[in-house]
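As structure tokens, the structure follows; a few thoughts come after it.
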Number of protein chains: 2
Amino acid sequence: MTTIPTATRQIVLASRPHGAPTAENFRIETVELPAPAAGQVLVRNTVMSVDPYMRGRMNDTKSYVAPFQIDAPLDGGAVGAVVASRSDAVPVGAHVLHGLGWREHAVLPAENVTVIDTDAAPASAYLGVLGMTGLTAYVGLTAVAELRAGETVFVSGAAGAVGQVVGQVAKALGAGRVVGSAGSAAKVERLRELGYDGAFNYRETSVRKGLSELVPDGIDVYFDNVGGDHLEAAIGHLNRFGRVAMCGAVSQYNKTEPTPGPRNLALAIGKGLTLRGFLVGHFPDLAEEYRTRATAWLADGRLQGDETFREGLDGAPQAFIDLLEGANTGKMLVRL
Amino acid sequence: MTTIPTATRQIVLASRPHGAPTAENFRIETVELPAPAAGQVLVRNTVMSVDPYMRGRMNDTKSYVAPFQIDAPLDGGAVGAVVASRSDAVPVGAHVLHGLGWREHAVLPAENVTVIDTDAAPASAYLGVLGMTGLTAYVGLTAVAELRAGETVFVSGAAGAVGQVVGQVAKALGAGRVVGSAGSAAKVERLRELGYDGAFNYRETSVRKGLSELVPDGIDVYFDNVGGDHLEAAIGHLNRFGRVAMCGAVSQYNKTEPTPGPRNLALAIGKGLTLRGFLVGHFPDLAEEYRTRATAWLADGRLQGDETFREGLDGAPQAFIDLLEGANTGKMLVRL
């Protein structure tokens, strides 16, 4: 017989980072856990996600999601097992996906969790390749960049959680040549294994040079996870009527001053370029379509996603700090 | 009986401007004019156009149109009367639109001229409000920015040839509030007469402040003729899913160093913004549609275009120099 926990450990924001976050910005505390009320479930989290967008929420600035509050628990994607339930829809023992990560246990309304099929894929996949991460890649390529068969695609941060999926999904959707940038020789090698036609280490080669060598005839779609000099080089290298899916700007997240945009943005006029920013949440209608297609691609081997695991709630802050430095290959996760 | 001219005066590029062009960059010369060959016409130009895009062609850089060559004649839009013809399609006396401006007479194939109806509108209108200028405004609002009824529109360089048309066409297409920026109090006043709901003088008010006062609830479409701080302020002020039609960057054309792009470009991600560059030539299919609609709008008074005239071929270089400084209201033209 399982004992129902009455307390949980959780991580709160102790102070706002200035520049790169440090361990001092986080604090672990133990709080009481209420018994589930009618319609609620109690979940034991098994895996939680750390994601670059969380850095923005640590600043006290108006953005697309409300900032985290000082001394309040952080949140984010997590999967776990239901250990107590007062909902007929979600029984004890069910595996669920929800938004209350950064803690070992969570009590929340049953309608805020999604039951997942851990026979079809491991639970962690629902945080990564089958989850928001994978959907971000899919939405960016289809609805945002309007990728067409045969086109050349460039992906920055290609060894990251989103980037890995972008290249593989682009190939599955019929792209021609797909190339990426990453921050180490090992990551570059891994991208080739995953089906990228070419990749370069941006710490050793300028983006401009990398593109000139790998795709001398230009690119049609640039999937931007990085911003900064990557975006500027891509604008220079895009073909007429090329598109940029602006997904993230991880090179900027720890900056304390606003950084100049691409100096060559006016090239967009003559070349008829489109730069479009997006959040995965802007396209809720594509979630079901993606889940179906991605499950098939996972099954036939066309899609795989690496996972970098850190252990224990105590390891979560460092996992997040390292994520922003690019220490992960594929999805960065914390096993609880 | 008309004498057929056998020589013409024309303006050649004497040297490439570094920064703002000066009179020394231009030279007038007289050259022989061949008699029209079979299929050709000889046109006496009556009005020629000077346009901001010509500044880019004076640099020796790869761009969307080939650069002007040193000691070769400049070219650009012009209207005139046919004084000799060896084409059945284009008789003597016809009024035509063509691409060999910056000269008093031109000999060219009849298929390179378009016969215009000077009863429907004065010949000069075919260089401005009914011509490439007006079509640029229309294309930018419809195909590029995908303006929807009721939306709020901001136009920079609103008193310029394109900008004047943008505001009026936006209104004709059902836009809600339409506001613009211009470089003098007189221009601001003129914009109100033309149906702009509000305008500000960017030389006296920051763009950010101007927008906050005139459209506190944000903008949905930004028609960018200017670039620079206008673009940055507009990105900050755009609503979710807003669009930027990037038409020109006249604030940059005389710059000798690359200028940084907007520091807030990453806001496009969370807001789901689209920035799309375009040239009128990217949308040839819309020319006929525009000509029809614009002729009707001209007739019912919903559309009017100011013209700033300079006199004589000798005045053309200064007309162009002054255009880049914003000396014109509406279309800058040279009467020959």
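Residues in the structure tokens are numbered from 1 in each chain, the chains being A, B, ... in the order shown, and ligands are numbered from 1 in the order shown.
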Those of region 29-248 of chain A in DSSP helix (DSSP H, G or I), formatted as an MDAnalysis selection string = chainID A and resid 53:57 110:112 123:127 132:144 161:172 185:193 207:214 228:237
Give me the chain B side of the contact with chain A, cut-off 10 Å, one line per residue showing its nearest atom pair and distance in Å at one decimal, counting only C-alpha atoms, sorted by chain and residue number, as CSV.
```
residue,atom,partner,partner_atom,distance
B:Ser63,CA,A:Gly270,CA,7.1
B:Tyr64,CA,A:Gly270,CA,5.4
B:Val65,CA,A:Gly270,CA,8.6
B:Val144,CA,A:Thr274,CA,9.4
B:Gly227,CA,A:Ala266,CA,7.9
B:Gly228,CA,A:Ala266,CA,9.8
B:Glu232,CA,A:Gly261,CA,9.5
B:Arg240,CA,A:Tyr64,CA,9.5
B:Phe241,CA,A:Phe278,CA,8.9
B:Arg243,CA,A:Arg276,CA,9.0
B:Val244,CA,A:Leu275,CA,9.7
B:Ala245,CA,A:Ile269,CA,9.0
B:Met246,CA,A:Ile269,CA,6.0
B:Cys247,CA,A:Ile269,CA,6.2
B:Gly248,CA,A:Ile269,CA,7.0
B:Ala249,CA,A:Ala266,CA,6.9
B:Gln252,CA,A:Ala266,CA,8.9
B:Glu257,CA,A:Arg263,CA,9.5
B:Pro258,CA,A:Arg263,CA,5.8
B:Thr259,CA,A:Arg263,CA,5.3
B:Pro260,CA,A:Arg263,CA,4.4
B:Gly261,CA,A:Gly261,CA,3.8
B:Pro262,CA,A:Gly261,CA,4.8
B:Arg263,CA,A:Pro260,CA,4.4
B:Asn264,CA,A:Pro258,CA,7.2
B:Leu265,CA,A:Gly261,CA,6.3
B:Ala266,CA,A:Ala249,CA,6.9
B:Leu267,CA,A:Gly277,CA,8.0
B:Ala268,CA,A:Gly277,CA,4.7
B:Ile269,CA,A:Gly277,CA,3.8
B:Gly270,CA,A:Tyr64,CA,5.3
B:Lys271,CA,A:Tyr64,CA,7.0
B:Gly272,CA,A:Phe278,CA,4.5
B:Leu273,CA,A:Gly277,CA,5.4
B:Thr274,CA,A:Arg276,CA,4.3
B:Leu275,CA,A:Leu275,CA,5.1
B:Arg276,CA,A:Thr274,CA,4.3
B:Gly277,CA,A:Ile269,CA,3.8
B:Phe278,CA,A:Gly272,CA,4.4
B:Leu279,CA,A:Gly270,CA,6.1
B:Val280,CA,A:Gly270,CA,9.7
B:Gly281,CA,A:Gly270,CA,9.7
B:His282,CA,A:Gly272,CA,7.6
```
Could you pull the residues within 7 Å of Val115 (chain A), counting only C-alpha atoms, minus those fewer than 2 positions along the same chain, as a PyMOL selection string?
-> chain A and resi 94-97+113+117
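Between CA of Asp60 (chain B) and CA of Arg16 (chain B) lies a distance of 7.9 Å.
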Residue contacts of Ala294 (chain A) (9 Å, only C-alpha atoms) excluding same-chain residues fewer than 6 positions away, as a ChimeraX atom specification = /A:129-130,134-135,169,303
What's the 9 Å shell around Ala172 (chain A), counting only C-alpha atoms, without same-chain residues fewer than 2 positions away, as a count of residues only?
-> 9
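Nearest to Arg208 (chain B) of all the residues B:Thr308, B:Asn328, B:Asn239, B:Ser181 is B:Ser181, based on only C-alpha atoms.
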Non-local contacts of Ala161 (chain A) (6 Å; only C-alpha atoms; under 3 positions in same chain excluded) as a list in words | Gln164, Gly330 and Lys331 of chain A
Please, could you write that set of residues out with N, CA and C atoms as a PDB file, in the first residue's frame?
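After the write, result.pdb holds the following:
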```pdb
ATOM      1  N   GLN A 164      17.407  19.254 -32.943  1.00  0.00           N
ATOM      2  CA  GLN A 164      17.512  17.859 -33.399  1.00  0.00           C
ATOM      3  C   GLN A 164      16.255  17.437 -34.154  1.00  0.00           C
ATOM      4  N   GLY A 330      20.403  17.212 -27.331  1.00  0.00           N
ATOM      5  CA  GLY A 330      18.985  16.897 -27.279  1.00  0.00           C
ATOM      6  C   GLY A 330      18.346  17.513 -26.051  1.00  0.00           C
ATOM      7  N   LYS A 331      17.330  16.848 -25.567  1.00  0.00           N
ATOM      8  CA  LYS A 331      16.501  17.407 -24.501  1.00  0.00           C
ATOM      9  C   LYS A 331      17.182  17.304 -23.141  1.00  0.00           C
TER      10      LYS A 331
END
```
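Computed from the coordinates, the CA of Val41 (chain A) to CA of Val92 (chain A) distance equals 8.4 Å.
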Give me the residues near Leu100 (chain B) as a short mmCIF file (atom, residue, chain, number, x, y, z; two decimals) with N, CA and C atoms, in the first residue's frame, where near means some atom within 12 Å (using only C-alpha atoms) and where sequence neighbours in that chain fewer than 3 positions away do not count.
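The resulting file, selection.cif, is shown below:
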```
data_model
loop_
_atom_site.label_atom_id
_atom_site.label_comp_id
_atom_site.auth_asym_id
_atom_site.auth_seq_id
_atom_site.Cartn_x
_atom_site.Cartn_y
_atom_site.Cartn_z
N GLN B 10 21.50 63.90 -71.86
CA GLN B 10 21.22 62.87 -70.87
C GLN B 10 22.15 63.06 -69.68
N ILE B 11 21.79 62.42 -68.56
CA ILE B 11 22.61 62.54 -67.35
C ILE B 11 23.32 61.22 -67.10
N LEU B 42 10.63 56.62 -81.01
CA LEU B 42 11.42 57.70 -80.44
C LEU B 42 10.46 58.53 -79.57
N VAL B 43 10.80 58.69 -78.31
CA VAL B 43 9.93 59.36 -77.35
C VAL B 43 10.57 60.66 -76.87
N ARG B 44 9.77 61.72 -76.87
CA ARG B 44 10.20 62.95 -76.21
C ARG B 44 9.68 62.90 -74.78
N ASN B 45 10.59 62.78 -73.83
CA ASN B 45 10.17 62.67 -72.43
C ASN B 45 9.63 64.01 -71.93
N THR B 46 8.49 63.94 -71.24
CA THR B 46 7.91 65.17 -70.68
C THR B 46 8.07 65.24 -69.16
N VAL B 47 8.05 64.09 -68.50
CA VAL B 47 8.23 64.05 -67.05
C VAL B 47 9.06 62.82 -66.71
N MET B 48 10.01 62.98 -65.80
CA MET B 48 10.78 61.82 -65.32
C MET B 48 10.68 61.72 -63.80
N SER B 49 10.87 60.53 -63.32
CA SER B 49 10.75 60.24 -61.89
C SER B 49 12.13 60.12 -61.25
N VAL B 50 12.26 60.64 -60.03
CA VAL B 50 13.43 60.28 -59.20
C VAL B 50 12.90 59.52 -57.99
N PRO B 73 24.59 56.46 -68.90
CA PRO B 73 23.41 57.22 -68.50
C PRO B 73 22.64 56.52 -67.39
N LEU B 74 22.06 57.30 -66.50
CA LEU B 74 21.13 56.76 -65.51
C LEU B 74 19.84 56.39 -66.22
N ASP B 75 19.00 55.60 -65.55
CA ASP B 75 17.67 55.35 -66.11
C ASP B 75 16.65 55.32 -64.99
N GLY B 76 15.38 55.28 -65.36
CA GLY B 76 14.29 55.30 -64.39
C GLY B 76 12.99 55.63 -65.11
N GLY B 77 11.91 55.64 -64.37
CA GLY B 77 10.58 55.85 -64.96
C GLY B 77 10.43 57.21 -65.62
N ALA B 78 9.75 57.24 -66.75
CA ALA B 78 9.49 58.50 -67.46
C ALA B 78 8.21 58.35 -68.28
N VAL B 79 7.57 59.48 -68.56
CA VAL B 79 6.47 59.50 -69.52
C VAL B 79 6.80 60.50 -70.61
N GLY B 80 6.22 60.29 -71.77
CA GLY B 80 6.50 61.20 -72.87
C GLY B 80 5.59 60.94 -74.05
N VAL B 96 3.23 57.66 -73.63
CA VAL B 96 3.75 56.36 -73.18
C VAL B 96 4.52 56.49 -71.86
N LEU B 97 4.53 55.38 -71.15
CA LEU B 97 5.30 55.19 -69.91
C LEU B 97 6.43 54.22 -70.24
N ARG B 103 16.88 61.61 -69.38
CA ARG B 103 17.27 62.08 -70.72
C ARG B 103 16.06 62.73 -71.35
N GLU B 104 16.30 63.58 -72.32
CA GLU B 104 15.19 64.33 -72.93
C GLU B 104 14.49 63.54 -74.01
N HIS B 105 15.23 62.72 -74.71
CA HIS B 105 14.63 61.86 -75.75
C HIS B 105 15.18 60.45 -75.57
N ALA B 106 14.39 59.47 -75.98
CA ALA B 106 14.82 58.08 -75.87
C ALA B 106 14.33 57.31 -77.09
N VAL B 107 15.16 56.42 -77.57
CA VAL B 107 14.77 55.49 -78.63
C VAL B 107 14.74 54.10 -78.02
N LEU B 108 13.62 53.40 -78.15
CA LEU B 108 13.54 52.07 -77.54
C LEU B 108 12.47 51.22 -78.22
N PRO B 109 12.54 49.90 -78.05
CA PRO B 109 11.57 49.01 -78.69
C PRO B 109 10.15 49.34 -78.23
N ASN B 112 8.70 47.86 -75.10
CA ASN B 112 9.17 48.32 -73.79
C ASN B 112 8.46 49.59 -73.31
N VAL B 113 7.44 50.03 -74.06
CA VAL B 113 6.67 51.18 -73.60
C VAL B 113 5.22 50.74 -73.36
#
```
